[in-house]
Each structure stands twice: as C-alpha cells, then as structure tokens.
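Okay, work_2.cif is below, mmCIF, C-alpha atoms and all ligand atoms:
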```
data_structure
#
loop_
_atom_site.label_atom_id
_atom_site.label_comp_id
_atom_site.auth_asym_id
_atom_site.auth_seq_id
_atom_site.Cartn_x
_atom_site.Cartn_y
_atom_site.Cartn_z
CA MET A 1 111.01 98.63 117.13
CA SER A 2 114.69 97.75 117.30
CA GLU A 3 116.51 97.49 114.00
CA PRO A 4 117.08 93.88 112.85
CA SER A 5 120.20 93.19 110.77
CA PRO A 6 119.67 92.69 107.01
CA ILE A 7 121.81 89.52 107.21
CA SER A 8 120.46 86.41 108.98
CA ALA A 9 122.48 84.75 111.72
CA GLY A 10 123.45 82.01 109.24
CA GLY A 11 124.87 84.62 106.82
CA ARG A 12 121.96 84.32 104.39
CA PRO A 13 120.45 87.45 102.83
CA ARG A 14 117.42 88.54 104.77
CA VAL A 15 114.37 90.54 103.69
CA ARG A 16 112.43 92.24 106.47
CA VAL A 17 108.69 92.58 105.80
CA LEU A 18 106.28 94.67 107.84
CA HIS A 19 102.63 93.59 107.57
CA LEU A 20 100.52 96.55 108.67
CA TYR A 21 97.43 95.87 110.79
CA ASP A 22 97.43 92.24 109.71
CA ARG A 23 94.59 91.32 112.10
CA TYR A 24 92.26 93.93 110.57
CA LEU A 25 93.04 93.99 106.85
CA ASN A 26 92.98 90.43 105.51
CA ILE A 27 90.10 89.44 103.27
CA TYR A 28 90.22 87.00 100.36
CA ALA A 29 93.15 85.36 102.15
CA ASP A 30 95.35 88.36 101.41
CA ARG A 31 97.70 86.96 104.06
CA GLY A 32 98.59 84.31 101.45
CA ASN A 33 100.70 86.97 99.73
CA MET A 34 103.11 86.77 102.66
CA GLN A 35 103.35 82.98 102.33
CA VAL A 36 104.29 83.33 98.67
CA LEU A 37 107.07 85.82 99.44
CA THR A 38 108.40 83.59 102.22
CA ALA A 39 108.37 80.45 100.03
CA ARG A 40 109.90 82.14 96.97
CA GLY A 41 112.60 83.59 99.20
CA ALA A 42 113.35 80.20 100.80
CA TRP A 43 113.75 78.54 97.37
CA ARG A 44 116.51 81.10 96.67
CA GLY A 45 118.20 80.84 100.08
CA ILE A 46 116.76 84.19 101.20
CA ASP A 47 115.15 84.52 104.63
CA VAL A 48 111.91 86.48 104.40
CA GLU A 49 110.97 87.57 107.90
CA VAL A 50 107.44 88.91 108.34
CA ARG A 51 106.26 90.82 111.38
CA GLY A 52 102.87 92.38 112.00
CA LEU A 53 102.11 95.85 113.31
CA GLU A 54 99.21 96.50 115.67
CA PRO A 55 97.18 99.73 115.83
CA GLY A 56 98.98 102.13 118.18
CA GLU A 57 102.43 100.79 117.27
CA HIS A 58 104.94 102.76 115.18
CA PHE A 59 107.87 101.88 112.95
CA THR A 60 111.02 103.64 111.79
CA PRO A 61 111.43 104.17 108.01
CA GLY A 62 114.34 102.17 106.62
CA GLU A 63 114.09 99.33 109.15
CA HIS A 64 112.03 97.19 106.77
CA ASP A 65 112.58 96.28 103.15
CA LEU A 66 108.96 95.73 102.18
CA ILE A 67 105.69 96.97 103.66
CA TYR A 68 102.43 95.13 103.03
CA VAL A 69 98.81 96.24 103.58
CA GLY A 70 95.90 93.92 102.79
CA GLY A 71 92.26 94.57 101.96
CA GLY A 72 89.24 94.98 104.21
CA GLN A 73 85.53 95.54 104.44
CA ASP A 74 84.49 99.16 104.97
CA ARG A 75 83.90 98.48 108.67
CA ASP A 76 87.36 96.95 109.10
CA GLN A 77 88.88 99.98 107.40
CA GLN A 78 86.90 102.35 109.63
CA MET A 79 88.57 100.80 112.69
CA ILE A 80 92.10 101.59 111.54
CA ALA A 81 91.98 104.39 108.92
CA GLU A 82 92.56 107.25 111.36
CA ARG A 83 95.26 105.35 113.28
CA MET A 84 97.04 104.50 110.04
CA SER A 85 97.04 108.03 108.62
CA GLU A 86 97.99 109.72 111.91
CA ASP A 87 100.44 107.19 113.37
CA LEU A 88 102.02 105.77 110.22
CA GLY A 89 101.42 108.26 107.37
CA PRO A 90 104.75 110.15 107.58
CA ALA A 91 106.73 106.92 108.16
CA ILE A 92 105.11 105.12 105.18
CA LYS A 93 105.85 108.08 102.89
CA ALA A 94 109.43 108.42 104.13
CA ALA A 95 110.01 104.67 103.76
CA VAL A 96 108.82 104.59 100.13
CA GLU A 97 110.88 107.71 99.33
CA GLU A 98 114.04 106.02 100.62
CA GLY A 99 113.42 102.89 98.55
CA THR A 100 111.37 100.51 100.68
CA ALA A 101 109.18 98.28 98.52
CA LEU A 102 105.44 98.26 99.26
CA LEU A 103 102.38 96.29 98.21
CA ALA A 104 98.87 97.44 99.12
CA VAL A 105 95.73 95.55 98.13
CA CYS A 106 92.20 96.95 97.74
CA GLY A 107 91.18 98.47 101.12
CA GLY A 108 94.87 99.01 101.93
CA TYR A 109 95.35 100.60 98.50
CA GLN A 110 92.44 102.97 99.09
CA LEU A 111 93.88 104.05 102.45
CA LEU A 112 97.20 105.00 100.86
CA GLY A 113 95.44 107.70 98.81
CA SER A 114 94.08 110.98 100.18
CA HIS A 115 90.79 109.51 101.48
CA TYR A 116 88.01 106.99 100.96
CA LEU A 117 84.37 108.10 101.22
CA ASP A 118 82.87 104.72 102.02
CA THR A 119 79.48 103.07 101.41
CA THR A 120 78.12 104.31 104.76
CA GLY A 121 79.12 107.92 104.02
CA VAL A 122 82.07 107.81 106.43
CA HIS A 123 85.12 109.81 105.34
CA GLN A 124 88.12 107.55 105.93
CA PRO A 125 91.33 109.58 106.00
CA GLY A 126 94.20 108.26 103.90
CA VAL A 127 97.95 108.37 104.17
CA GLY A 128 98.51 110.44 101.02
CA LEU A 129 101.31 108.28 99.64
CA PHE A 130 99.62 107.92 96.25
CA ASP A 131 98.06 110.90 94.46
CA LEU A 132 94.55 109.42 94.31
CA SER A 133 91.18 109.52 96.05
CA THR A 134 88.33 107.03 96.32
CA GLU A 135 84.56 107.31 96.69
CA ALA A 136 82.03 104.49 96.93
CA GLY A 137 79.81 104.31 93.85
CA ASP A 138 76.51 102.60 93.05
CA GLY A 139 77.00 98.85 93.16
CA ARG A 140 80.15 96.84 93.60
CA LEU A 141 82.72 96.08 90.92
CA ILE A 142 83.13 92.31 91.18
CA GLY A 143 84.87 89.67 89.09
CA ASN A 144 88.12 88.46 87.60
CA VAL A 145 90.48 91.10 86.21
CA ALA A 146 93.49 91.00 83.93
CA ILE A 147 95.79 93.94 83.38
CA GLU A 148 98.99 94.70 81.51
CA ALA A 149 101.56 96.21 83.84
CA GLU A 150 105.03 97.66 83.51
CA LEU A 151 107.41 96.50 86.24
CA PRO A 152 110.33 98.92 86.21
CA ALA A 153 114.02 98.06 86.21
CA ILE A 154 115.70 97.68 89.60
CA GLY A 155 119.40 98.45 89.18
CA ALA A 156 120.70 96.05 86.53
CA ARG A 157 117.53 93.93 86.69
CA ALA A 158 115.59 94.70 83.50
CA ALA A 159 112.11 96.20 83.31
CA SER A 160 109.33 93.95 82.06
CA THR A 161 105.82 94.24 80.71
CA THR A 162 103.65 91.54 82.16
CA THR A 163 100.06 90.34 82.46
CA ILE A 164 98.78 90.35 86.04
CA ALA A 165 95.46 88.78 87.03
CA GLY A 166 93.32 88.68 90.16
CA PHE A 167 89.83 89.07 91.56
CA GLU A 168 88.25 92.44 92.36
CA ASN A 169 85.36 93.23 94.71
CA HIS A 170 85.09 96.88 95.64
CA ALA A 171 82.51 99.60 96.03
CA GLY A 172 85.19 102.29 95.83
CA ARG A 173 85.93 104.09 92.58
CA THR A 174 89.48 105.36 92.59
CA SER A 175 90.51 108.45 90.64
CA LEU A 176 94.20 109.01 89.98
CA GLY A 177 95.52 112.55 90.43
CA ALA A 178 97.66 114.37 87.87
CA SER A 179 100.96 113.07 89.27
CA ALA A 180 99.84 109.45 89.76
CA ARG A 181 101.06 106.66 87.48
CA PRO A 182 98.78 103.61 87.13
CA LEU A 183 100.14 100.13 87.80
CA GLY A 184 98.71 99.03 84.49
CA SER A 185 95.95 99.20 81.93
CA VAL A 186 92.88 97.00 82.17
CA LEU A 187 92.63 94.17 79.64
CA HIS A 188 89.44 92.62 81.10
CA GLY A 189 87.50 93.89 84.13
CA ASN A 190 87.01 97.20 85.91
CA GLY A 191 90.18 98.23 87.71
CA ASN A 192 90.30 101.58 89.48
CA ASP A 193 86.89 102.90 88.52
CA GLY A 194 85.43 100.87 85.64
CA ARG A 195 85.86 103.82 83.25
CA SER A 196 89.40 105.11 82.99
CA GLY A 197 90.98 101.84 81.85
CA PHE A 198 93.57 102.19 84.62
CA GLU A 199 94.28 99.71 87.38
CA GLY A 200 96.27 100.39 90.51
CA CYS A 201 99.02 102.89 91.13
CA ARG A 202 102.81 102.78 91.27
CA LEU A 203 105.32 105.08 92.92
CA HIS A 204 109.04 104.22 93.14
CA HIS A 205 108.94 100.60 94.40
CA ALA A 206 105.42 100.90 95.86
CA ILE A 207 102.42 99.24 94.23
CA GLY A 208 98.74 99.64 95.06
CA THR A 209 96.13 97.45 93.35
CA TYR A 210 92.55 96.22 93.62
CA LEU A 211 93.57 92.66 92.77
CA HIS A 212 92.90 90.00 95.40
CA GLY A 213 93.17 86.28 94.94
CA PRO A 214 95.37 86.36 96.89
CA LEU A 215 97.38 88.23 94.30
CA LEU A 216 100.87 86.74 94.43
CA PRO A 217 100.29 82.95 94.11
CA ARG A 218 99.05 83.47 90.54
CA ASN A 219 101.45 86.31 89.72
CA PRO A 220 104.98 85.01 90.45
CA GLU A 221 106.61 87.64 88.24
CA LEU A 222 105.16 90.36 90.43
CA ALA A 223 106.16 88.45 93.58
CA ASP A 224 109.75 88.25 92.34
CA TRP A 225 109.77 91.94 91.40
CA LEU A 226 108.73 92.81 94.96
CA LEU A 227 111.41 90.50 96.38
CA ALA A 228 114.00 92.03 94.04
CA ALA A 229 113.02 95.52 95.21
CA ALA A 230 113.20 94.41 98.84
CA LEU A 231 116.63 92.79 98.28
CA ALA A 232 117.86 96.00 96.64
CA HIS A 233 116.74 97.94 99.70
CA ALA A 234 118.34 95.51 102.12
CA HIS A 235 121.62 94.79 100.35
CA GLY A 236 122.12 97.36 97.56
CA THR A 237 120.81 97.43 93.98
CA ASP A 238 123.05 94.60 92.72
CA ALA A 239 121.25 92.27 95.12
CA ALA A 240 118.07 92.61 93.04
CA LEU A 241 119.65 90.11 90.63
CA LEU A 242 119.86 87.44 93.34
CA ILE A 243 116.21 86.60 92.89
CA ASP A 244 116.88 85.42 89.32
CA GLN A 245 120.29 83.86 89.89
CA VAL A 246 120.11 81.78 93.04
CA GLY A 247 118.04 78.61 93.51
CA THR A 248 114.95 77.62 91.58
CA VAL A 249 111.24 77.43 92.15
CA PRO A 250 110.25 73.72 92.05
CA PRO A 251 109.04 72.96 88.49
CA ALA A 252 105.74 71.53 89.76
CA VAL A 253 105.04 74.79 91.62
CA ALA A 254 106.00 76.90 88.61
CA ALA A 255 103.63 74.86 86.45
CA LEU A 256 100.77 75.35 88.93
CA GLU A 257 101.44 79.09 89.08
CA ARG A 258 101.35 79.25 85.30
CA ARG A 259 98.02 77.41 85.23
CA ALA A 260 96.58 79.67 87.92
CA LEU A 261 97.51 82.80 85.95
CA ASP A 262 96.25 81.39 82.64
CA THR A 263 92.97 80.32 84.26
CA SER A 264 92.47 83.76 85.84
CA VAL A 265 93.12 85.54 82.58
CA ALA A 266 90.77 83.20 80.70
CA ARG A 267 88.05 83.74 83.31
CA ALA A 268 88.48 87.50 83.17
CA ARG A 269 88.24 87.40 79.38
CA ALA A 270 85.16 85.16 79.40
CA GLU A 271 83.35 87.10 82.14
CA ARG A 272 84.20 90.64 81.26
CA GLY A 273 84.88 90.57 77.53
N1 LIG B 301 85.93 98.30 101.46
C1 LIG B 301 86.46 98.63 100.17
C2 LIG B 301 85.41 98.73 99.08
O1 LIG B 301 84.39 98.09 99.17
C3 LIG B 301 87.56 97.65 99.81
C4 LIG B 301 87.07 96.23 99.67
C5 LIG B 301 88.16 95.23 99.54
O2 LIG B 301 89.25 95.33 100.14
N2 LIG B 301 87.85 94.14 98.84
O3 LIG B 301 85.62 99.45 98.12
#
```
Give the structure from this file in structure tokens form.
Amino acid sequence: MSEPSPISAGGRPRVRVLHLYDRYLNIYADRGNMQVLTARGAWRGIDVEVRGLEPGEHFTPGEHDLIYVGGGQDRDQQMIAERMSEDLGPAIKAAVEEGTALLAVCGGYQLLGSHYLDTTGVHQPGVGLFDLSTEAGDGRLIGNVAIEAELPAIGARAASTTTIAGFENHAGRTSLGASARPLGSVLHGNGNDGRSGFEGCRLHHAIGTYLHGPLLPRNPELADWLLAAALAHAHGTDAALLIDQVGTVPPAVAALERRALDTSVARARAERG
C-alpha cells in the first residue's frame, strides 16, 4: 500500500483507518463502529478515511493511525485466522508498538491473543499482540454487559474512568496472561470468561473487547478516546486535544448516545444482576 499523507488535500487533519478483513469479520453490525468514527471526526473537521484489507494483502506499520478488527462466527474466523497471524501478525504488533491505535471486537479480539480453540475443536492461531488465550467453553455467554474501564491519558489529554456497555455473545473464555492488563472490570455480565471479573485487554493504545452493539454508537467517550489516539499518531500528541476542542457533536445525537448507554447499562443490571 502506498503511504497516504496525514493531512487531507483541503488541509484538514486526517485519520487513516485500516479495517482488517472487513468482509469476513462483521457480525452484530460491527461495521457501524467505523460509521461512528467517521461521523464524530466530521463534526470536528477531521477526515476519517477507512480502507479495508483483504486476505492475502499486507500493510506497512505506521501508515495507518487506527486498526480495526470486528467479530465473527467460528467459521468466519477459521477462514482468516491463519492468514491474519502469518501475513499480518508482525505488522500489527509493530504498529501498536509505534503508537497506532487499535480496536478489536470479540472474534477479532480472540485472534489478537495467542490462539482460540473453537467450538469445533479447531485451533485458530492468533497474532500474539495481547498476552491472552481463548478456549470455547460449555454454552455461550450471551447478554448485555457493563464494565468500568480506565482510558489512559494521551499526551496532555487526561485519563478517565468510564462506564462502557455493549452486548456479548461468545463461546470463547479468554484468560489473560501475567503481563496482560484488562480493559476494565465487569459491573454486570460475563466479560472475558464469566469468572475473573475482567473484560477485554489493553496495550498501549490498543483495545480488545467482547462488547458488540455495535460498540461505539453507545460509547462516545471510547470513540473519542480512539480518535484522540489516532490523531496523536497522525499529528503528534498535542493533536489528541483536537477531539475535545474543535466542533461539537449535535446535541440531539449526544442525547441519543446518552440514552443508548443508559439503556444498555440498565438492561445489563436487570438481566445479569
Ligand atoms: N466465534 C467466537 C465465539 O463464539 C466469537 C463470537 C463473536 O464474535 N461474537 O467465541
């Protein structure tokens, strides 16, 4: 892939997003996460440019500011797991090390660990970005989830502790290794394995999570954190502040987002206790 400039032709800040295997990993409308990033960028005068990557294609670390991997059924994951770990593993790890932001959801999250032993007994190789492994257990973990997560500071942009909510549906039980840091702790629901109280994983500016929904429409704080991290990668750490300083989300949209999050949390509390 040729390297696109971080600045748009019109001089606007640009964020370059790479959506891995978008035709294979996209359940629960996970693609909607890309629409949220694009819209929230546009409201701030930031061009969010999303391009997909097909199996067999490669990318160069540093050429994108944010990498996204969606969720999939076991059979969808089987089609791409080997390709992803062999073709993209070193590039994904190098990109996250040099500050590229990343979001991986459910099946995509599992494939960023060491491996996933799926419901059919197939060993799906992982990329090894996160220190975690996943094995299918008895029965699926299904329902609304709410977690408390720590979103770290990005340059001068302050850290925050925030409630994130979504919907989980996974057979996999994910165990974090000794060096892994969870994204958050479960308030209501199962999270990584239904036992540990942990949900997701975080490394530098990379986040893996089981939360679908899609995730970002009901979690605008997380969406903005990802955009801030991507801006910092594209334009230097001071640019992370742009997301809070320039333009505004239309009040009617912000109110809907608030209601969506509150409703998800209330459902998670009612369903899961
Ligand atoms: N196939 C995986 C599992 O069942 C992930 C499912 C998903 O992405 N929702 O655990």
Please provide as a PyMOL selection string all residues within 8 Å of Val36 (chain A), with the sequence filter that same-chain residues fewer than 6 positions apart are discarded (counting only C-alpha atoms).
chain A and resi 216-217+223
Counting only C-alpha atoms, the residue among A:Val265, A:Ala252, A:Ala101, A:Ile27 that lies closest to Gly208 (chain A) is A:Ala101
Exercise answer, 10 Å around ligand LIG 301 (chain B) with only C-alpha atoms and all ligand atoms, as a short mmCIF file (atom, residue, chain, number, x, y, z; two decimals) with C-alpha atoms, in the coordinates of the input:
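Result saved to selection_32.cif:
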```cif
data_model
loop_
_atom_site.label_atom_id
_atom_site.label_comp_id
_atom_site.auth_asym_id
_atom_site.auth_seq_id
_atom_site.Cartn_x
_atom_site.Cartn_y
_atom_site.Cartn_z
CA LEU A 25 93.04 93.99 106.85
CA ASN A 26 92.98 90.43 105.51
CA ILE A 27 90.10 89.44 103.27
CA TYR A 28 90.22 87.00 100.36
CA ASP A 30 95.35 88.36 101.41
CA GLY A 70 95.90 93.92 102.79
CA GLY A 71 92.26 94.57 101.96
CA GLY A 72 89.24 94.98 104.21
CA GLN A 73 85.53 95.54 104.44
CA ASP A 74 84.49 99.16 104.97
CA ARG A 75 83.90 98.48 108.67
CA ASP A 76 87.36 96.95 109.10
CA GLN A 77 88.88 99.98 107.40
CA GLN A 78 86.90 102.35 109.63
CA ALA A 104 98.87 97.44 99.12
CA VAL A 105 95.73 95.55 98.13
CA CYS A 106 92.20 96.95 97.74
CA GLY A 107 91.18 98.47 101.12
CA GLY A 108 94.87 99.01 101.93
CA TYR A 109 95.35 100.60 98.50
CA GLN A 110 92.44 102.97 99.09
CA LEU A 111 93.88 104.05 102.45
CA TYR A 116 88.01 106.99 100.96
CA LEU A 117 84.37 108.10 101.22
CA ASP A 118 82.87 104.72 102.02
CA THR A 119 79.48 103.07 101.41
CA THR A 134 88.33 107.03 96.32
CA GLU A 135 84.56 107.31 96.69
CA ALA A 136 82.03 104.49 96.93
CA GLY A 137 79.81 104.31 93.85
CA GLY A 139 77.00 98.85 93.16
CA ARG A 140 80.15 96.84 93.60
CA LEU A 141 82.72 96.08 90.92
CA ILE A 142 83.13 92.31 91.18
CA PHE A 167 89.83 89.07 91.56
CA GLU A 168 88.25 92.44 92.36
CA ASN A 169 85.36 93.23 94.71
CA HIS A 170 85.09 96.88 95.64
CA ALA A 171 82.51 99.60 96.03
CA GLY A 172 85.19 102.29 95.83
CA ARG A 173 85.93 104.09 92.58
CA THR A 174 89.48 105.36 92.59
CA THR A 209 96.13 97.45 93.35
CA TYR A 210 92.55 96.22 93.62
CA LEU A 211 93.57 92.66 92.77
CA HIS A 212 92.90 90.00 95.40
#
```
Would you compute the distance between CA of Gly247 (chain A) and CA of Pro152 (chain A)? Give it in Å to one decimal.
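CA of Gly247 (chain A) sits 22.9 Å away from CA of Pro152 (chain A).
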Between A:Glu63, A:Ala228, A:Thr237, A:Asn144, which is the closest to Glu271 (chain A) once you count only C-alpha atoms?
A:Asn144
Residue among A:Ile154, A:Val96, A:Val17, A:Ala81 lying closest to Ser114 (chain A), counting all atoms listed in the file
A:Ala81
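Shortest atom-to-atom contact with Gly143 (chain A) among A:Gln35, A:Ser175, A:Asn190, A:Thr263: A:Asn190, counting all atoms listed in the file.
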